[in-house]
file model_12.csv (CSV, C-alpha atoms)
chain,number,residue,atom,x,y,z
A,1,MET,CA,112.3,102.0,99.4
A,2,GLU,CA,113.7,98.5,99.9
A,3,ALA,CA,115.4,98.8,96.6
A,4,ASP,CA,117.6,101.7,97.9
A,5,LYS,CA,119.4,99.3,100.3
A,6,TYR,CA,120.1,96.8,97.5
A,7,MET,CA,121.3,99.6,95.2
A,8,GLN,CA,123.7,100.8,97.9
A,9,ALA,CA,124.8,97.2,98.4
A,10,LEU,CA,125.4,96.8,94.7
A,11,ALA,CA,127.4,100.0,94.7
A,12,ASN,CA,129.7,98.6,97.3
A,13,LEU,CA,130.1,95.3,95.5
A,14,ILE,CA,131.0,97.0,92.2
A,15,LYS,CA,133.5,99.2,94.0
A,16,THR,CA,135.2,96.5,96.0
A,17,LYS,CA,135.0,93.4,93.8
A,18,HIS,CA,136.8,94.4,90.6
A,19,ASP,CA,135.8,91.2,88.8
A,20,GLN,CA,132.1,92.1,89.1
A,21,ALA,CA,130.8,92.8,85.5
A,22,LYS,CA,134.4,93.8,84.6
A,23,ASP,CA,133.8,93.3,80.8
A,24,LEU,CA,130.6,95.2,80.5
A,25,LYS,CA,131.0,98.9,79.7
A,26,ALA,CA,127.3,100.1,79.9
A,27,ILE,CA,125.1,102.5,81.9
A,28,PHE,CA,121.8,101.1,83.2
A,29,GLN,CA,119.2,103.4,84.7
A,30,PHE,CA,116.4,102.2,87.0
A,31,ARG,CA,113.2,104.1,87.8
A,32,ILE,CA,111.8,102.2,90.8
A,33,GLU,CA,108.3,102.9,91.8
A,34,SER,CA,106.5,102.6,95.2
A,35,GLU,CA,103.3,104.1,96.4
A,36,GLY,CA,103.4,106.9,93.8
A,37,ASN,CA,107.0,107.8,94.4
A,38,VAL,CA,109.9,107.2,92.0
A,39,SER,CA,113.5,106.5,93.1
A,40,VAL,CA,116.0,106.9,90.2
A,41,TRP,CA,119.3,105.0,90.3
A,42,THR,CA,122.0,104.7,87.7
A,43,ILE,CA,124.5,101.8,87.5
A,44,ASP,CA,127.5,103.1,85.5
A,45,LEU,CA,129.7,100.2,84.7
A,46,LYS,CA,132.0,102.4,82.6
A,47,ASN,CA,133.2,104.2,85.7
A,48,ARG,CA,132.1,101.5,88.2
A,49,VAL,CA,129.8,103.6,90.3
A,50,VAL,CA,126.2,103.4,91.3
A,51,VAL,CA,124.4,106.7,92.1
A,52,ASN,CA,121.0,107.7,93.2
A,53,SER,CA,120.6,110.1,90.2
A,54,ASP,CA,119.4,110.3,86.7
A,55,LYS,CA,122.9,111.1,85.5
A,56,PRO,CA,125.0,110.1,83.6
A,57,THR,CA,122.9,109.5,80.4
A,58,PRO,CA,122.1,105.8,80.3
A,59,ASP,CA,122.3,103.3,77.5
A,60,CYS,CA,119.0,101.8,78.6
A,61,THR,CA,116.3,102.4,81.2
A,62,PHE,CA,114.3,100.0,83.3
A,63,THR,CA,111.0,100.9,85.1
A,64,LEU,CA,109.6,98.5,87.7
A,65,SER,CA,108.2,98.4,91.2
A,66,ASP,CA,110.3,98.4,94.3
A,67,LYS,CA,109.1,94.8,95.1
A,68,ASN,CA,110.0,93.5,91.6
A,69,PHE,CA,113.5,95.1,91.7
A,70,VAL,CA,114.3,93.3,94.9
A,71,LYS,CA,113.1,90.0,93.3
A,72,LEU,CA,115.3,90.8,90.3
A,73,ILE,CA,118.5,91.5,92.2
A,74,LYS,CA,117.9,88.5,94.5
A,75,LYS,CA,117.5,86.2,91.5
A,76,GLU,CA,113.9,85.4,92.3
A,77,ALA,CA,112.9,86.8,88.9
A,78,ASN,CA,114.8,87.6,85.7
A,79,PRO,CA,114.4,90.6,83.4
A,80,ALA,CA,112.8,88.6,80.5
A,81,GLU,CA,110.2,87.1,82.8
A,82,LEU,CA,109.3,90.5,84.3
A,83,PHE,CA,109.2,92.0,80.8
A,84,MET,CA,106.9,89.4,79.4
A,85,THR,CA,104.5,89.7,82.3
A,86,GLN,CA,104.5,93.5,81.8
A,87,LYS,CA,106.0,94.1,85.3
A,88,LEU,CA,109.1,95.7,83.7
A,89,LYS,CA,109.3,98.4,81.0
A,90,MET,CA,112.6,98.9,79.1
A,91,GLY,CA,113.7,101.8,77.0
A,92,GLY,CA,116.9,102.6,75.0
A,93,ASN,CA,119.3,100.1,73.6
A,94,MET,CA,117.5,96.8,74.0
A,95,GLY,CA,120.6,94.8,73.2
A,96,VAL,CA,122.5,96.4,76.1
A,97,ALA,CA,119.4,96.0,78.3
A,98,MET,CA,119.4,92.2,77.7
A,99,ARG,CA,123.0,92.1,79.1
A,100,PHE,CA,121.9,93.2,82.5
A,101,GLN,CA,121.1,89.6,83.3
A,102,SER,CA,124.8,88.9,83.2
A,103,VAL,CA,125.3,91.5,85.9
A,104,VAL,CA,122.7,89.8,88.1
A,105,ASP,CA,124.2,86.3,87.3
A,106,GLY,CA,127.6,87.5,88.5
A,107,ILE,CA,126.3,88.6,92.0
A,108,ASP,CA,127.1,86.1,94.8
A,109,PRO,CA,123.9,86.0,97.0
A,110,LYS,CA,125.9,85.8,100.2
A,111,ASP,CA,128.1,88.8,99.2
A,112,LEU,CA,124.9,90.7,98.3
A,113,MET,CA,123.2,90.1,101.6
A,114,ASP,CA,126.4,90.8,103.6
A,115,ALA,CA,126.5,94.2,101.8
A,116,VAL,CA,122.8,94.9,102.4
A,117,ASN,CA,123.3,94.3,106.1
A,118,THR,CA,126.4,96.4,106.3
A,119,PRO,CA,125.7,100.1,107.2
A,120,SER,CA,126.7,102.8,104.8
A,121,THR,CA,127.3,100.4,102.0
A,122,GLY,CA,127.8,102.9,99.2
A,123,GLY,CA,125.9,104.8,96.6
A,124,ASN,CA,126.1,108.5,96.6
A,125,ALA,CA,124.2,109.1,99.8
A,126,SER,CA,127.2,110.0,101.9
A,127,ASN,CA,128.3,112.5,99.3
A,128,PHE,CA,125.2,114.7,99.7
A,129,LYS,CA,124.8,116.5,103.0
A,130,SER,CA,121.2,117.0,102.1
A,131,ASP,CA,120.5,113.3,102.2
A,132,ALA,CA,121.3,113.1,105.9
A,133,VAL,CA,119.1,116.2,106.5
A,134,PHE,CA,116.1,114.7,104.6
A,135,GLU,CA,116.5,111.3,106.4
A,136,TYR,CA,116.4,113.1,109.7
A,137,MET,CA,113.4,115.3,108.7
A,138,SER,CA,111.5,112.2,107.5
A,139,LYS,CA,111.8,110.7,111.0
A,140,MET,CA,110.6,113.9,112.6
A,141,PHE,CA,107.9,115.0,110.2
A,142,SER,CA,105.0,112.9,111.4
A,143,SER,CA,105.3,114.3,114.9
A,144,VAL,CA,105.6,118.0,114.1
A,145,ASP,CA,102.7,120.5,113.7
A,146,VAL,CA,103.1,121.7,110.1
A,147,PRO,CA,100.8,124.1,108.3
A,148,LYS,CA,97.6,122.4,107.0
A,149,ILE,CA,98.3,122.8,103.3
A,150,ASN,CA,97.7,120.3,100.5
A,151,ALA,CA,101.1,120.5,98.9
A,152,VAL,CA,103.8,118.3,97.5
A,153,PHE,CA,107.2,119.9,97.3
A,154,GLN,CA,109.9,118.2,95.2
A,155,PHE,CA,113.6,118.9,95.6
A,156,VAL,CA,116.3,118.4,93.0
A,157,ILE,CA,119.6,118.7,94.9
A,158,THR,CA,122.7,119.0,92.7
A,159,LYS,CA,126.3,118.2,93.5
A,160,ASP,CA,129.2,117.4,91.2
A,161,GLY,CA,127.0,116.9,88.2
A,162,GLN,CA,124.6,114.5,90.0
A,163,ASN,CA,121.1,114.9,91.4
A,164,SER,CA,119.5,113.7,94.6
A,165,ILE,CA,115.7,113.9,94.5
A,166,TRP,CA,113.4,114.1,97.5
A,167,THR,CA,109.7,114.8,98.0
A,168,ILE,CA,107.9,116.4,100.9
A,169,ASP,CA,104.1,115.6,101.0
A,170,VAL,CA,102.8,118.0,103.6
A,171,GLN,CA,99.2,116.9,103.7
A,172,ASN,CA,100.1,113.2,104.3
A,173,LYS,CA,103.2,114.2,106.4
A,174,LYS,CA,105.6,112.0,104.4
A,175,ILE,CA,109.1,112.7,103.2
A,176,ASN,CA,110.4,110.2,100.6
A,177,ARG,CA,113.5,109.8,98.4
A,178,GLY,CA,112.6,110.0,94.7
A,179,GLU,CA,110.3,111.8,92.4
A,180,ASP,CA,106.6,112.5,92.7
A,181,PRO,CA,104.6,112.2,89.5
A,182,LYS,CA,102.7,115.5,90.0
A,183,PRO,CA,104.5,117.8,92.5
A,184,ASP,CA,102.9,121.2,93.1
A,185,CYS,CA,106.3,122.9,92.9
A,186,THR,CA,109.9,121.9,92.4
A,187,PHE,CA,113.0,123.4,94.0
A,188,LYS,CA,116.4,123.0,92.4
A,189,MET,CA,119.5,124.0,94.2
A,190,SER,CA,122.9,122.8,95.2
A,191,ASP,CA,123.6,120.6,98.1
A,192,ASP,CA,125.4,123.5,100.0
A,193,ALA,CA,122.5,125.9,99.3
A,194,PHE,CA,119.9,123.4,100.7
A,195,PHE,CA,122.1,122.8,103.8
A,196,LYS,CA,122.2,126.6,104.4
A,197,LEU,CA,118.5,126.9,103.9
A,198,VAL,CA,117.4,124.3,106.5
A,199,ASN,CA,120.0,125.6,109.0
A,200,LYS,CA,118.6,129.1,108.6
A,201,GLN,CA,121.8,130.5,107.2
A,202,ALA,CA,119.9,131.5,104.1
A,203,GLN,CA,116.3,132.3,103.1
A,204,PRO,CA,114.5,131.0,100.1
A,205,MET,CA,114.0,134.5,98.7
A,206,GLU,CA,117.6,135.3,99.1
A,207,LEU,CA,118.7,132.1,97.3
A,208,PHE,CA,116.1,132.8,94.5
A,209,MET,CA,117.2,136.3,94.0
A,210,THR,CA,120.9,135.3,93.8
A,211,GLN,CA,120.0,132.5,91.3
A,212,LYS,CA,121.1,129.8,93.7
A,213,LEU,CA,117.5,128.4,93.8
A,214,LYS,CA,115.3,127.7,90.8
A,215,ILE,CA,111.5,127.2,91.4
A,216,SER,CA,109.0,125.8,89.0
A,217,GLY,CA,105.3,125.0,89.3
A,218,ASN,CA,102.8,126.8,91.7
A,219,MET,CA,104.7,129.8,92.9
A,220,GLY,CA,102.1,130.6,95.5
A,221,MET,CA,102.4,127.2,97.0
A,222,ALA,CA,106.2,127.4,96.8
A,223,MET,CA,106.1,130.5,99.1
A,224,GLN,CA,104.7,128.2,101.9
A,225,LEU,CA,107.9,126.2,102.0
A,226,GLN,CA,109.6,128.3,104.7
A,227,ASN,CA,106.6,127.9,107.0
A,228,VAL,CA,106.9,124.1,106.7
A,229,LEU,CA,110.6,124.0,107.3
A,230,GLU,CA,110.5,126.3,110.3
A,231,LYS,CA,108.3,123.7,112.1
A,232,ILE,CA,110.9,121.0,111.8
A,233,PRO,CA,113.5,121.2,114.6
A,234,MET,CA,117.0,120.7,113.4
A,235,PRO,CA,119.5,119.4,116.0
A,236,SER,CA,122.6,121.3,114.7
A,237,SER,CA,124.3,122.4,111.5
A,238,LYS,CA,126.6,119.4,111.9
A,239,LEU,CA,124.1,116.9,110.5

call {"tool": "encode", "arguments": {"input": "model_12.csv", "output": "structure tokens"}}
result
Amino acid sequence: MEADKYMQALANLIKTKHDQAKDLKAIFQFRIESEGNVSVWTIDLKNRVVVNSDKPTPDCTFTLSDKNFVKLIKKEANPAELFMTQKLKMGGNMGVAMRFQSVVDGIDPKDLMDAVNTPSTGGNASNFKSDAVFEYMSKMFSSVDVPKINAVFQFVITKDGQNSIWTIDVQNKKINRGEDPKPDCTFKMSDDAFFKLVNKQAQPMELFMTQKLKISGNMGMAMQLQNVLEKIPMPSSKL
């Protein structure tokens, strides 16, 4: 999603520019939607971090499209305008939600675009080894011969109390960051366990039996995961 780049840029600005929203101690969560996928980001101004996760618990939640989030952060639209035209849904503490405009107002457009155009601008992507794996797999997936199954696998990867969520749509040969509204099955495991799984240092059944992997949804479909992963060539365990 385009919004991911801007969230990572915002993470960098909040981390490096200490006067950015310095007087606002609030947690804003964004559910950003694009083509049926959802990317969840949390802007934690109490601890001055921005993470691609639904944690910590937010004071308020915003739901909007990828396109409208980019307009919002680039000051091409404001929260009240998007809300009044039903392009933005808000939940939680509405008083706090209204203060997000002050965060946007405090962003220098030049600083924002410099951060967007700088590689590895921030967020929690670099903290999850699995993010690099999923990004690599997403580039390879369209060219590999995977089993012909109509399945959507969702992964909730955990590390240090935070989640990174990815979806593998086997039929459409897509791998996306974020939630799917109706996955066939969901796998929840640690960042380290996922890394071992894709590098064939552990099997799904082994992780499941040792309670390092939790599976929900269609268990029969979940058993097909290993067949899909085996078709994706991994360059090395050093990803």

call {"tool": "residues_around", "arguments": {"input": "model_12.csv", "residues": "Asn227 in chain A", "least_positions_apart": "2", "cutoff": "12 Å", "atoms": "all atoms listed in the file", "output": "PDB file with C-alpha atoms, keeping the file's coordinate frame"}}
result
ATOM      1  CA  ASP A 145     102.700 120.500 113.700  1.00  0.00           C
ATOM      2  CA  VAL A 146     103.100 121.700 110.100  1.00  0.00           C
ATOM      3  CA  PRO A 147     100.800 124.100 108.300  1.00  0.00           C
ATOM      4  CA  LYS A 148      97.600 122.400 107.000  1.00  0.00           C
ATOM      5  CA  ILE A 149      98.300 122.800 103.300  1.00  0.00           C
ATOM      6  CA  VAL A 170     102.800 118.000 103.600  1.00  0.00           C
ATOM      7  CA  VAL A 198     117.400 124.300 106.500  1.00  0.00           C
ATOM      8  CA  GLN A 203     116.300 132.300 103.100  1.00  0.00           C
ATOM      9  CA  PRO A 204     114.500 131.000 100.100  1.00  0.00           C
ATOM     10  CA  MET A 221     102.400 127.200  97.000  1.00  0.00           C
ATOM     11  CA  ALA A 222     106.200 127.400  96.800  1.00  0.00           C
ATOM     12  CA  MET A 223     106.100 130.500  99.100  1.00  0.00           C
ATOM     13  CA  GLN A 224     104.700 128.200 101.900  1.00  0.00           C
ATOM     14  CA  LEU A 225     107.900 126.200 102.000  1.00  0.00           C
ATOM     15  CA  LEU A 229     110.600 124.000 107.300  1.00  0.00           C
ATOM     16  CA  GLU A 230     110.500 126.300 110.300  1.00  0.00           C
ATOM     17  CA  LYS A 231     108.300 123.700 112.100  1.00  0.00           C
ATOM     18  CA  ILE A 232     110.900 121.000 111.800  1.00  0.00           C
TER      19      ILE A 232
END

call {"tool": "closest_residue", "arguments": {"input": "model_12.csv", "among": "A:Asn68, A:Asn47, A:Asn172, A:Asn52", "to": "Glu2 in chain A", "atoms": "only C-alpha atoms"}}
result
A:Asn68

call {"tool": "closest_residue", "arguments": {"input": "model_12.csv", "among": "A:Asp191, A:Glu206, A:Glu33, A:Asp59", "to": "Lys87 in chain A", "atoms": "all atoms listed in the file"}}
result
A:Glu33

call {"tool": "atom_distance", "arguments": {"input": "model_12.csv", "atom1": "CA of Ser130 in chain A", "atom2": "CA of Asp192 in chain A"}}
result
8.0 Å

call {"tool": "closest_residue", "arguments": {"input": "model_12.csv", "among": "A:Ile175, A:Leu112, A:Ile73, A:Val152", "to": "Gly217 in chain A", "atoms": "only C-alpha atoms"}}
result
A:Val152

call {"tool": "residues_near_point", "arguments": {"input": "model_12.csv", "point": "(131.9, 90.6, 90.2)", "cutoff": "10 Å", "atoms": "all atoms listed in the file", "output": "PyMOL selection string"}}
result
chain A and resi 13-23+103-108+111

call {"tool": "decode", "arguments": {"input": "model_12.csv", "residues": "range 84-117 of chain A", "atoms": "N, CA and C atoms", "output": "PDB file, in the first residue's frame"}}
result
ATOM      1  N   MET A  84     -17.093  13.949   7.063  1.00  0.00           N
ATOM      2  CA  MET A  84     -18.380  14.465   6.624  1.00  0.00           C
ATOM      3  C   MET A  84     -18.821  13.867   5.288  1.00  0.00           C
ATOM      4  N   THR A  85     -17.877  13.454   4.468  1.00  0.00           N
ATOM      5  CA  THR A  85     -18.206  12.846   3.176  1.00  0.00           C
ATOM      6  C   THR A  85     -18.199  11.318   3.266  1.00  0.00           C
ATOM      7  N   GLN A  86     -18.159  10.786   4.510  1.00  0.00           N
ATOM      8  CA  GLN A  86     -18.224   9.345   4.787  1.00  0.00           C
ATOM      9  C   GLN A  86     -17.056   8.569   4.169  1.00  0.00           C
ATOM     10  N   LYS A  87     -15.927   9.224   4.013  1.00  0.00           N
ATOM     11  CA  LYS A  87     -14.725   8.562   3.511  1.00  0.00           C
ATOM     12  C   LYS A  87     -13.779   8.194   4.653  1.00  0.00           C
ATOM     13  N   LEU A  88     -14.175   8.562   5.853  1.00  0.00           N
ATOM     14  CA  LEU A  88     -13.399   8.274   7.055  1.00  0.00           C
ATOM     15  C   LEU A  88     -14.350   7.881   8.166  1.00  0.00           C
ATOM     16  N   LYS A  89     -14.067   6.746   8.819  1.00  0.00           N
ATOM     17  CA  LYS A  89     -14.837   6.324   9.980  1.00  0.00           C
ATOM     18  C   LYS A  89     -13.947   6.469  11.211  1.00  0.00           C
ATOM     19  N   MET A  90     -14.529   6.961  12.287  1.00  0.00           N
ATOM     20  CA  MET A  90     -13.770   7.155  13.519  1.00  0.00           C
ATOM     21  C   MET A  90     -14.444   6.437  14.673  1.00  0.00           C
ATOM     22  N   GLY A  91     -13.626   5.870  15.549  1.00  0.00           N
ATOM     23  CA  GLY A  91     -14.134   5.202  16.736  1.00  0.00           C
ATOM     24  C   GLY A  91     -13.293   5.567  17.935  1.00  0.00           C
ATOM     25  N   GLY A  92     -13.831   5.352  19.133  1.00  0.00           N
ATOM     26  CA  GLY A  92     -13.082   5.658  20.348  1.00  0.00           C
ATOM     27  C   GLY A  92     -13.330   7.067  20.824  1.00  0.00           C
ATOM     28  N   ASN A  93     -12.320   7.663  21.409  1.00  0.00           N
ATOM     29  CA  ASN A  93     -12.419   9.000  21.994  1.00  0.00           C
ATOM     30  C   ASN A  93     -12.421  10.043  20.885  1.00  0.00           C
ATOM     31  N   MET A  94     -13.592  10.623  20.609  1.00  0.00           N
ATOM     32  CA  MET A  94     -13.718  11.551  19.492  1.00  0.00           C
ATOM     33  C   MET A  94     -12.970  12.860  19.749  1.00  0.00           C
ATOM     34  N   GLY A  95     -12.863  13.256  21.013  1.00  0.00           N
ATOM     35  CA  GLY A  95     -12.114  14.457  21.334  1.00  0.00           C
ATOM     36  C   GLY A  95     -10.646  14.311  20.970  1.00  0.00           C
ATOM     37  N   VAL A  96     -10.082  13.145  21.278  1.00  0.00           N
ATOM     38  CA  VAL A  96      -8.690  12.868  20.917  1.00  0.00           C
ATOM     39  C   VAL A  96      -8.554  12.766  19.398  1.00  0.00           C
ATOM     40  N   ALA A  97      -9.541  12.115  18.762  1.00  0.00           N
ATOM     41  CA  ALA A  97      -9.498  11.943  17.307  1.00  0.00           C
ATOM     42  C   ALA A  97      -9.404  13.289  16.594  1.00  0.00           C
ATOM     43  N   MET A  98     -10.130  14.273  17.095  1.00  0.00           N
ATOM     44  CA  MET A  98     -10.126  15.588  16.466  1.00  0.00           C
ATOM     45  C   MET A  98      -8.765  16.268  16.557  1.00  0.00           C
ATOM     46  N   ARG A  99      -7.937  15.830  17.494  1.00  0.00           N
ATOM     47  CA  ARG A  99      -6.627  16.445  17.674  1.00  0.00           C
ATOM     48  C   ARG A  99      -5.586  15.904  16.690  1.00  0.00           C
ATOM     49  N   PHE A 100      -5.973  14.885  15.928  1.00  0.00           N
ATOM     50  CA  PHE A 100      -4.999  14.373  14.955  1.00  0.00           C
ATOM     51  C   PHE A 100      -4.672  15.428  13.899  1.00  0.00           C
ATOM     52  N   GLN A 101      -5.621  16.334  13.657  1.00  0.00           N
ATOM     53  CA  GLN A 101      -5.356  17.389  12.688  1.00  0.00           C
ATOM     54  C   GLN A 101      -4.115  18.194  13.075  1.00  0.00           C
ATOM     55  N   SER A 102      -3.885  18.361  14.381  1.00  0.00           N
ATOM     56  CA  SER A 102      -2.711  19.123  14.824  1.00  0.00           C
ATOM     57  C   SER A 102      -1.419  18.386  14.489  1.00  0.00           C
ATOM     58  N   VAL A 103      -1.491  17.044  14.452  1.00  0.00           N
ATOM     59  CA  VAL A 103      -0.307  16.261  14.058  1.00  0.00           C
ATOM     60  C   VAL A 103       0.004  16.518  12.588  1.00  0.00           C
ATOM     61  N   VAL A 104      -1.033  16.471  11.762  1.00  0.00           N
ATOM     62  CA  VAL A 104      -0.851  16.707  10.322  1.00  0.00           C
ATOM     63  C   VAL A 104      -0.360  18.131  10.076  1.00  0.00           C
ATOM     64  N   ASP A 105      -0.949  19.094  10.801  1.00  0.00           N
ATOM     65  CA  ASP A 105      -0.565  20.495  10.619  1.00  0.00           C
ATOM     66  C   ASP A 105       0.909  20.726  10.945  1.00  0.00           C
ATOM     67  N   GLY A 106       1.445  19.921  11.856  1.00  0.00           N
ATOM     68  CA  GLY A 106       2.830  20.110  12.278  1.00  0.00           C
ATOM     69  C   GLY A 106       3.857  19.447  11.371  1.00  0.00           C
ATOM     70  N   ILE A 107       3.394  18.745  10.338  1.00  0.00           N
ATOM     71  CA  ILE A 107       4.315  18.059   9.430  1.00  0.00           C
ATOM     72  C   ILE A 107       4.750  18.995   8.311  1.00  0.00           C
ATOM     73  N   ASP A 108       6.041  19.183   8.180  1.00  0.00           N
ATOM     74  CA  ASP A 108       6.567  19.984   7.081  1.00  0.00           C
ATOM     75  C   ASP A 108       6.518  19.136   5.806  1.00  0.00           C
ATOM     76  N   PRO A 109       5.828  19.591   4.757  1.00  0.00           N
ATOM     77  CA  PRO A 109       5.696  18.789   3.526  1.00  0.00           C
ATOM     78  C   PRO A 109       7.033  18.340   2.943  1.00  0.00           C
ATOM     79  N   LYS A 110       8.033  19.214   2.987  1.00  0.00           N
ATOM     80  CA  LYS A 110       9.353  18.852   2.455  1.00  0.00           C
ATOM     81  C   LYS A 110       9.982  17.737   3.290  1.00  0.00           C
ATOM     82  N   ASP A 111       9.894  17.858   4.623  1.00  0.00           N
ATOM     83  CA  ASP A 111      10.432  16.812   5.501  1.00  0.00           C
ATOM     84  C   ASP A 111       9.741  15.480   5.231  1.00  0.00           C
ATOM     85  N   LEU A 112       8.422  15.530   5.037  1.00  0.00           N
ATOM     86  CA  LEU A 112       7.659  14.309   4.777  1.00  0.00           C
ATOM     87  C   LEU A 112       8.129  13.635   3.501  1.00  0.00           C
ATOM     88  N   MET A 113       8.229  14.383   2.412  1.00  0.00           N
ATOM     89  CA  MET A 113       8.614  13.783   1.134  1.00  0.00           C
ATOM     90  C   MET A 113      10.066  13.319   1.147  1.00  0.00           C
ATOM     91  N   ASP A 114      10.935  14.037   1.868  1.00  0.00           N
ATOM     92  CA  ASP A 114      12.322  13.577   2.013  1.00  0.00           C
ATOM     93  C   ASP A 114      12.350  12.227   2.724  1.00  0.00           C
ATOM     94  N   ALA A 115      11.516  12.082   3.759  1.00  0.00           N
ATOM     95  CA  ALA A 115      11.465  10.821   4.508  1.00  0.00           C
ATOM     96  C   ALA A 115      10.860   9.702   3.670  1.00  0.00           C
ATOM     97  N   VAL A 116       9.819  10.029   2.875  1.00  0.00           N
ATOM     98  CA  VAL A 116       9.196   9.023   2.005  1.00  0.00           C
ATOM     99  C   VAL A 116      10.198   8.489   0.987  1.00  0.00           C
ATOM    100  N   ASN A 117      11.047   9.364   0.482  1.00  0.00           N
ATOM    101  CA  ASN A 117      12.001   8.981  -0.557  1.00  0.00           C
ATOM    102  C   ASN A 117      13.312   8.436  -0.022  1.00  0.00           C
TER     103      ASN A 117
END
